[in-house]
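Student: File query_7.cif follows (mmCIF, C-alpha atoms):
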data_run
loop_
_atom_site.group_PDB
_atom_site.id
_atom_site.type_symbol
_atom_site.label_atom_id
_atom_site.label_comp_id
_atom_site.auth_asym_id
_atom_site.auth_seq_id
_atom_site.Cartn_x
_atom_site.Cartn_y
_atom_site.Cartn_z
ATOM 1 C CA MET H 271 64.352 -4.571 6.817
ATOM 2 C CA LEU H 272 60.815 -4.313 8.157
ATOM 3 C CA ALA H 273 59.953 -7.712 6.711
ATOM 4 C CA ILE H 274 62.815 -9.271 8.690
ATOM 5 C CA VAL H 275 61.595 -7.618 11.887
ATOM 6 C CA ALA H 276 58.057 -8.831 11.132
ATOM 7 C CA ALA H 277 59.350 -12.384 10.686
ATOM 8 C CA ILE H 278 61.070 -12.177 14.068
ATOM 9 C CA VAL H 279 57.879 -10.872 15.691
ATOM 10 C CA PHE H 280 55.855 -13.712 14.137
ATOM 11 C CA ALA H 281 58.456 -16.215 15.375
ATOM 12 C CA LEU H 282 58.151 -14.798 18.893
ATOM 13 C CA ALA H 283 54.366 -15.044 18.688
ATOM 14 C CA LEU H 284 54.669 -18.681 17.625
ATOM 15 C CA LEU H 285 57.088 -19.472 20.451
ATOM 16 C CA PHE H 286 54.852 -17.764 23.001
ATOM 17 C CA ASP H 287 51.879 -19.732 21.691
ATOM 18 C CA LEU H 288 53.736 -23.053 21.821
ATOM 19 C CA ALA H 289 55.097 -22.384 25.314
ATOM 20 C CA ASP H 290 51.740 -21.069 26.593
ATOM 21 C CA VAL H 291 53.305 -17.822 27.790
ATOM 22 C CA THR H 292 50.638 -15.338 28.834
ATOM 23 C CA SER H 293 50.937 -11.725 29.842
ATOM 24 C CA ASP H 294 48.479 -8.877 30.217
ATOM 25 C CA ALA H 295 50.452 -6.393 28.117
ATOM 26 C CA ILE H 296 51.877 -8.606 25.359
ATOM 27 C CA ASN H 297 49.986 -11.605 24.077
ATOM 28 C CA ASN H 298 49.795 -13.523 20.813
ATOM 29 C CA GLY H 299 47.196 -11.177 19.329
ATOM 30 C CA THR H 300 49.328 -8.126 20.029
ATOM 31 C CA LEU H 301 52.401 -9.676 18.417
ATOM 32 C CA THR H 302 50.370 -10.789 15.404
ATOM 33 C CA VAL H 303 48.948 -7.303 14.884
ATOM 34 C CA LEU H 304 52.439 -5.818 15.256
ATOM 35 C CA GLY H 305 53.795 -8.251 12.674
ATOM 36 C CA LEU H 306 50.990 -7.412 10.255
ATOM 37 C CA LEU H 307 51.644 -3.696 10.740
ATOM 38 C CA LEU H 308 55.333 -4.189 9.936
ATOM 39 C CA ILE H 309 54.478 -6.205 6.815
ATOM 40 C CA ALA H 310 52.053 -3.487 5.694
ATOM 41 C CA LEU H 311 54.719 -0.815 6.187
ATOM 42 C CA HIS H 312 57.178 -2.922 4.209
ATOM 43 C CA PHE H 313 54.712 -3.292 1.338
ATOM 44 C CA ALA H 314 54.069 0.460 1.424
ATOM 45 C CA GLY H 315 57.771 1.116 0.913
ATOM 46 C CA VAL H 316 58.602 2.541 4.315
ATOM 47 C CA GLY H 317 62.212 1.936 5.231
ATOM 48 C CA THR H 318 63.404 1.069 1.761
ATOM 49 C CA SER H 319 66.432 2.757 0.323
ATOM 50 C CA THR H 320 65.602 2.325 -3.328
ATOM 51 C CA ASN H 321 66.611 5.255 -5.459
ATOM 52 C CA TRP H 322 63.965 5.608 -8.164
ATOM 53 C CA ARG H 323 65.997 8.112 -10.172
ATOM 54 C CA PRO H 324 69.387 6.693 -10.996
ATOM 55 C CA ARG H 325 72.113 9.285 -11.053
ATOM 56 C CA ARG H 326 74.099 9.489 -14.222
ATOM 57 C CA ARG H 327 77.676 10.454 -13.924
ATOM 58 C CA ALA H 328 78.971 13.139 -16.192
ATOM 59 C CA ARG H 329 81.623 11.739 -18.453
ATOM 60 C CA ARG H 330 85.080 12.985 -17.796
ATOM 61 C CA ARG H 331 87.067 13.971 -20.820
#
Mind turning this structure into structure tokens?
Tutor:
Amino acid sequence: MLAIVAAIVFALALLFDLADVTSDAINNGTLTVLGLLLIALHFAGVGTSTNWRPRRRARRR
């Protein structure tokens, strides 16, 4: 999920760069750093729902 959000942030940074949109608060560097932070969190496993211990059902008799 975080990787998808990071891709959207990188796409916004690219669009802002191509359109020459400038702002004091949000610029291309800020969006790039935010995208890199989201990618790093994704690689660290934050926001994943992987269950590392699979549950085994007890067999019904």
Student: What is the atom CA of H:Thr300-atom CA of H:Ala283 distance in Å, reported with one decimal?
Tutor: 8.7 Å
Student: Pick the closest to H:Val279 from H:Ala310, H:Val316, H:Gly305, H:Arg329: which is it, counting all atoms listed in the file?
Tutor: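 Of all the options, H:Gly305 lies closest to H:Val279.
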Student: When you count all atoms listed in the file, which of these residues is closest to H:Ser319: H:Ala289, H:Ala276, H:Ala281, H:Met271?
Tutor: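 Ranked by minimum distance to H:Ser319, first place goes to H:Met271.
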Student: Write out as number ranges by chain the residues lying within 12 Å of H:Ile278, counting all atoms listed in the file and excluding same-chain residues fewer than 3 positions away.
Tutor: H: 271-275, 281-285, 301-302, 304-306, 308-309
Student: Quote the spacing between atom CA of H:Asp287 and atom CA of H:Gly317 in Å to one decimal place.
Tutor: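 Interatomic distance, atom CA of H:Asp287 to atom CA of H:Gly317: 29.1 Å.
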Student: One decimal, Å: what's the distance from atom CA of H:Phe280 over to atom CA of H:Gly315, could you say?
Tutor: 20.0 Å
